[in-house]
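Structure first, then comments.
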Amino acid sequence: MDKLHETNNISDPLDYFIFASGRDDRAYQVLFKHTPDKISKVIALNYETRVSGYSNNDSIYKYRIFSTLNLQEITCNIQEPTSIVDEIDTNPITNTSRIGIDISCMTKPFFYYILKLLREKYQIQNLKVYYTEPQSYFLRDKLFDDFHTGSGQHSLKEIPGFSGMDPKSSPRKLVVLLGFDGGFSRQLDQDISPRETMVVNGFPSYTPKFKDISLVNNVKLISRDDVRIFYASANNPFDTYNILEAIKTDTSDWFFNIAPLGPKPMALGACIFALHNRDVRVVYPWPEIYEDKYSEMTWNSWVYDIPLNLIV
């Protein structure tokens, strides 16, 4: 992993750069750090509910300034990651294609599905994943326990392609990557009814207050005597990967469930871990409505070199 500096252009050549459009300040930070002639094709995912009602001149489309001739815009259903397959298939992607993905404004189910698609259908071995941290999140009424990335009813579902293998006689283990939405962690624990629950909190976090907000919002779960707490750096996916690997090694005969509620770099680590361990199930509380904008200002931007295939 490397930090991207404000004054540096990214000159690494890419055949494809994939991102999701958005109204958050960090949506296009990484795109505009790239040297335009070093990217052969830019692919923008436009979630229908996110771009609906905005004119072509709105700032949500300002990525068009970066590229016109080599730009592909894909309109997709934010609730259905598989809705992008036909559009992605129009590209001559091969196992040697150099691909970069910015997950800053991409929903977790979407980037999970895209990474699995690239790995299993196109046999991509390695790629670059980019992420820009926010300086702050929107807290309704400035209350720590009132942060939401979505609204309406939430449905606990598996992320497509990450169903795992459930040996009916095996005990269930649930590992929750803690986020700010504390109610979801309790819902997951109740719905899955695991024999053992573990939580991973982002520490060090982007800022100290983020760690505290996460703990405060999940206090009903983490205060239980039977719940074990681990810590992983919020911006380092490899920390999360290594913790999950250690936990799974200790209980290799259990049915392993992961809920990536926390920061996206931690969710990325869990995604790679699940790709390398097909028996792992990934569950997520899908909101009825995703918020169009839930963060403001930007912090650091990172690039991660991700191995999609595990080399033993």
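As shown in the structure tokens, the chain order sets the letters A, B, ...; within each chain, residues go from 1, and ligands are also counted from 1 in the order they appear.
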
DSSP alpha helix (DSSP H) residues within region 75-147 of chain A, as a CSV table (one decimal) with N, CA and C atoms, in the first residue's frame:
chain,number,residue,atom,x,y,z
A,85,VAL,N,-22.8,-6.9,-15.6
A,85,VAL,CA,-22.1,-7.9,-16.4
A,85,VAL,C,-22.1,-7.7,-17.9
A,86,ASP,N,-23.2,-7.5,-18.5
A,86,ASP,CA,-23.3,-7.4,-19.9
A,86,ASP,C,-22.5,-6.2,-20.4
A,87,GLU,N,-22.5,-5.1,-19.7
A,87,GLU,CA,-21.7,-4.0,-20.1
A,87,GLU,C,-20.2,-4.2,-20.0
A,88,ILE,N,-19.8,-4.8,-18.9
A,88,ILE,CA,-18.4,-5.1,-18.7
A,88,ILE,C,-17.9,-6.0,-19.8
A,108,LYS,N,-20.1,-1.6,-1.2
A,108,LYS,CA,-19.3,-2.8,-0.9
A,108,LYS,C,-19.8,-4.0,-1.7
A,109,PRO,N,-21.1,-4.3,-1.8
A,109,PRO,CA,-21.5,-5.4,-2.7
A,109,PRO,C,-21.0,-5.3,-4.1
A,110,PHE,N,-20.9,-4.1,-4.7
A,110,PHE,CA,-20.5,-3.9,-6.0
A,110,PHE,C,-19.0,-4.2,-6.2
A,111,PHE,N,-18.1,-3.7,-5.3
A,111,PHE,CA,-16.7,-4.0,-5.6
A,111,PHE,C,-16.4,-5.4,-5.2
A,112,TYR,N,-17.1,-6.0,-4.3
A,112,TYR,CA,-16.9,-7.4,-4.0
A,112,TYR,C,-17.2,-8.2,-5.3
A,113,TYR,N,-18.3,-7.9,-5.9
A,113,TYR,CA,-18.7,-8.7,-7.1
A,113,TYR,C,-17.8,-8.5,-8.2
A,114,ILE,N,-17.3,-7.2,-8.4
A,114,ILE,CA,-16.4,-6.9,-9.5
A,114,ILE,C,-15.1,-7.6,-9.4
A,115,LEU,N,-14.6,-7.6,-8.2
A,115,LEU,CA,-13.3,-8.3,-7.9
A,115,LEU,C,-13.4,-9.8,-8.2
A,116,LYS,N,-14.5,-10.4,-7.8
A,116,LYS,CA,-14.8,-11.8,-8.0
A,116,LYS,C,-14.9,-12.1,-9.5
A,117,LEU,N,-15.6,-11.2,-10.2
A,117,LEU,CA,-15.8,-11.4,-11.7
A,117,LEU,C,-14.5,-11.3,-12.4
A,118,LEU,N,-13.6,-10.3,-12.0
A,118,LEU,CA,-12.3,-10.2,-12.7
A,118,LEU,C,-11.4,-11.4,-12.4
A,119,ARG,N,-11.5,-11.9,-11.2
A,119,ARG,CA,-10.7,-13.1,-10.9
A,119,ARG,C,-11.1,-14.3,-11.5
A,120,GLU,N,-12.4,-14.6,-11.5
A,120,GLU,CA,-12.9,-15.9,-11.9
A,120,GLU,C,-13.3,-16.0,-13.4

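For Ser170 (chain A), the set of protein, DNA and RNA residues having any atom at most 10 Å away, when counting only C-alpha atoms and skipping those fewer than 4 positions along the same chain, is Asp166, Arg195, Asp253, Trp254, Phe255 and Phe256 of chain A.
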
Could you write out that same residue set with C-alpha atoms as an mmCIF file, in the first residue's frame?
data_model
loop_
_atom_site.group_PDB
_atom_site.id
_atom_site.type_symbol
_atom_site.label_atom_id
_atom_site.label_comp_id
_atom_site.auth_asym_id
_atom_site.auth_seq_id
_atom_site.Cartn_x
_atom_site.Cartn_y
_atom_site.Cartn_z
ATOM 1 C CA ASP A 166 -22.379 -24.366 5.025
ATOM 2 C CA ARG A 195 -21.962 -20.047 18.447
ATOM 3 C CA ASP A 253 -13.959 -26.736 11.088
ATOM 4 C CA TRP A 254 -16.474 -23.929 11.750
ATOM 5 C CA PHE A 255 -18.762 -22.246 9.218
ATOM 6 C CA PHE A 256 -17.146 -18.829 8.838
#

Who sits within 7 Å of Arg26 (chain A), only C-alpha atoms, same chain under 3 positions skipped, as a PyMOL selection string: chain A and resi 29+104+132+134+297-298

Taking C-alpha atoms for each residue, export the selection above as a JSON list (two decimals), in the first residue's frame.
[["chain", "number", "residue", "atom", "x", "y", "z"],
["A", 29, "GLN", "CA", -9.86, 12.53, -6.23],
["A", 104, "SER", "CA", -14.30, 5.36, -2.65],
["A", 132, "THR", "CA", -9.80, 8.16, -0.58],
["A", 134, "PRO", "CA", -13.19, 11.25, 4.13],
["A", 297, "MET", "CA", -14.05, 16.75, 2.48],
["A", 298, "THR", "CA", -11.13, 14.41, 1.88]]

Close residues, Glu6 (chain A) itself excluded, 12 Å, only C-alpha atoms, min 3 positions apart in chain, as a ChimeraX atom specification: /A:3,9-10,29-30,32-34,132,298-302

What does the file look like for those residues with C-alpha atoms, as a PDB file, in the first residue's frame?
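Wrote it out as result_24.pdb, contents follow:
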ATOM      1  CA  LYS A   3      -0.162   6.966  -0.007  1.00  0.00           C
ATOM      2  CA  ASN A   9       0.381  12.642 -10.893  1.00  0.00           C
ATOM      3  CA  ILE A  10      -0.058   8.883 -11.182  1.00  0.00           C
ATOM      4  CA  GLN A  29      -9.859  12.532  -6.228  1.00  0.00           C
ATOM      5  CA  VAL A  30      -7.942   9.519  -7.534  1.00  0.00           C
ATOM      6  CA  PHE A  32      -7.845  13.325 -11.473  1.00  0.00           C
ATOM      7  CA  LYS A  33      -4.489  12.337  -9.974  1.00  0.00           C
ATOM      8  CA  HIS A  34      -3.900  10.053 -12.974  1.00  0.00           C
ATOM      9  CA  THR A 132      -9.799   8.157  -0.576  1.00  0.00           C
ATOM     10  CA  THR A 298     -11.134  14.415   1.884  1.00  0.00           C
ATOM     11  CA  TRP A 299      -8.216  12.982   3.762  1.00  0.00           C
ATOM     12  CA  ASN A 300      -5.578  10.632   2.373  1.00  0.00           C
ATOM     13  CA  SER A 301      -5.780   8.684  -0.879  1.00  0.00           C
ATOM     14  CA  TRP A 302      -4.261   5.211  -1.014  1.00  0.00           C
TER      15      TRP A 302
END

Please measure the separation of CA of Ala259 (chain A) and CA of Leu244 (chain A), giving the value in Å to one decimal. 11.8 Å

Please list as an MDAnalysis selection string every residue within 9 Å of Tyr63 (chain A), counting only C-alpha atoms and excluding residues in the same chain fewer than 3 positions away. chainID A and resid 21 28 31:32 44 59:60 66:67

Within region 42-90 of chain A, find each residue whose DSSP state, derived from the backbone, is strand (DSSP E or B), and express the selection as a PDB file with N, CA and C atoms, in the first residue's frame.
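Result saved to part.pdb:
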ATOM      1  N   VAL A  42     -11.675   4.521 -19.397  1.00  0.00           N
ATOM      2  CA  VAL A  42     -12.285   4.834 -18.108  1.00  0.00           C
ATOM      3  C   VAL A  42     -13.707   4.293 -18.109  1.00  0.00           C
ATOM      4  N   ILE A  43     -14.064   3.539 -17.064  1.00  0.00           N
ATOM      5  CA  ILE A  43     -15.412   2.980 -16.943  1.00  0.00           C
ATOM      6  C   ILE A  43     -16.077   3.580 -15.712  1.00  0.00           C
ATOM      7  N   ALA A  44     -17.159   4.326 -15.932  1.00  0.00           N
ATOM      8  CA  ALA A  44     -17.902   4.968 -14.841  1.00  0.00           C
ATOM      9  C   ALA A  44     -19.193   4.213 -14.576  1.00  0.00           C
ATOM     10  N   LEU A  45     -19.389   3.798 -13.334  1.00  0.00           N
ATOM     11  CA  LEU A  45     -20.644   3.155 -12.935  1.00  0.00           C
ATOM     12  C   LEU A  45     -21.574   4.231 -12.393  1.00  0.00           C
ATOM     13  N   ASN A  46     -22.695   4.420 -13.053  1.00  0.00           N
ATOM     14  CA  ASN A  46     -23.686   5.414 -12.626  1.00  0.00           C
ATOM     15  C   ASN A  46     -24.892   4.694 -12.036  1.00  0.00           C
ATOM     16  N   TYR A  47     -25.018   4.722 -10.712  1.00  0.00           N
ATOM     17  CA  TYR A  47     -26.181   4.120 -10.076  1.00  0.00           C
ATOM     18  C   TYR A  47     -27.413   4.949 -10.411  1.00  0.00           C
ATOM     19  N   LEU A  71     -14.152   6.904 -22.726  1.00  0.00           N
ATOM     20  CA  LEU A  71     -15.036   6.798 -21.568  1.00  0.00           C
ATOM     21  C   LEU A  71     -16.222   5.883 -21.868  1.00  0.00           C
ATOM     22  N   GLN A  72     -16.494   4.956 -20.952  1.00  0.00           N
ATOM     23  CA  GLN A  72     -17.696   4.121 -21.012  1.00  0.00           C
ATOM     24  C   GLN A  72     -18.506   4.359 -19.743  1.00  0.00           C
ATOM     25  N   GLU A  73     -19.756   4.779 -19.910  1.00  0.00           N
ATOM     26  CA  GLU A  73     -20.635   4.997 -18.772  1.00  0.00           C
ATOM     27  C   GLU A  73     -21.648   3.857 -18.702  1.00  0.00           C
ATOM     28  N   ILE A  74     -21.735   3.242 -17.539  1.00  0.00           N
ATOM     29  CA  ILE A  74     -22.636   2.105 -17.338  1.00  0.00           C
ATOM     30  C   ILE A  74     -23.700   2.506 -16.322  1.00  0.00           C
ATOM     31  N   THR A  75     -24.947   2.519 -16.755  1.00  0.00           N
ATOM     32  CA  THR A  75     -26.050   2.785 -15.832  1.00  0.00           C
ATOM     33  C   THR A  75     -26.476   1.467 -15.203  1.00  0.00           C
ATOM     34  N   CYS A  76     -26.513   1.433 -13.876  1.00  0.00           N
ATOM     35  CA  CYS A  76     -26.778   0.160 -13.209  1.00  0.00           C
ATOM     36  C   CYS A  76     -27.663   0.343 -11.984  1.00  0.00           C
TER      37      CYS A  76
END

Would you pick out the contacts of Arg98 (chain A) at 7 Å or less, using only C-alpha atoms, so that residues sharing its chain but fewer than 5 positions from it are not included, and give the list as number ranges by chain? A: 14-16, 127

From CA of Pro285 (chain A) to CA of Ser155 (chain A) the spacing works out at 5.3 Å

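If you count only C-alpha atoms and ignore residues fewer than 4 places along the chain from Ser97 (chain A), what sits within 12 Å of it is A:Pro13, A:Leu14, A:Asp15, A:Tyr16, A:Phe17, A:Ile39, A:Ser40, A:Lys41, A:Asn91, A:Pro92, A:Ile93, A:Leu118, A:Arg119, A:Tyr122, A:Gln123, A:Ile124, A:Gln125, A:Asn126, A:Leu127, A:Lys128.
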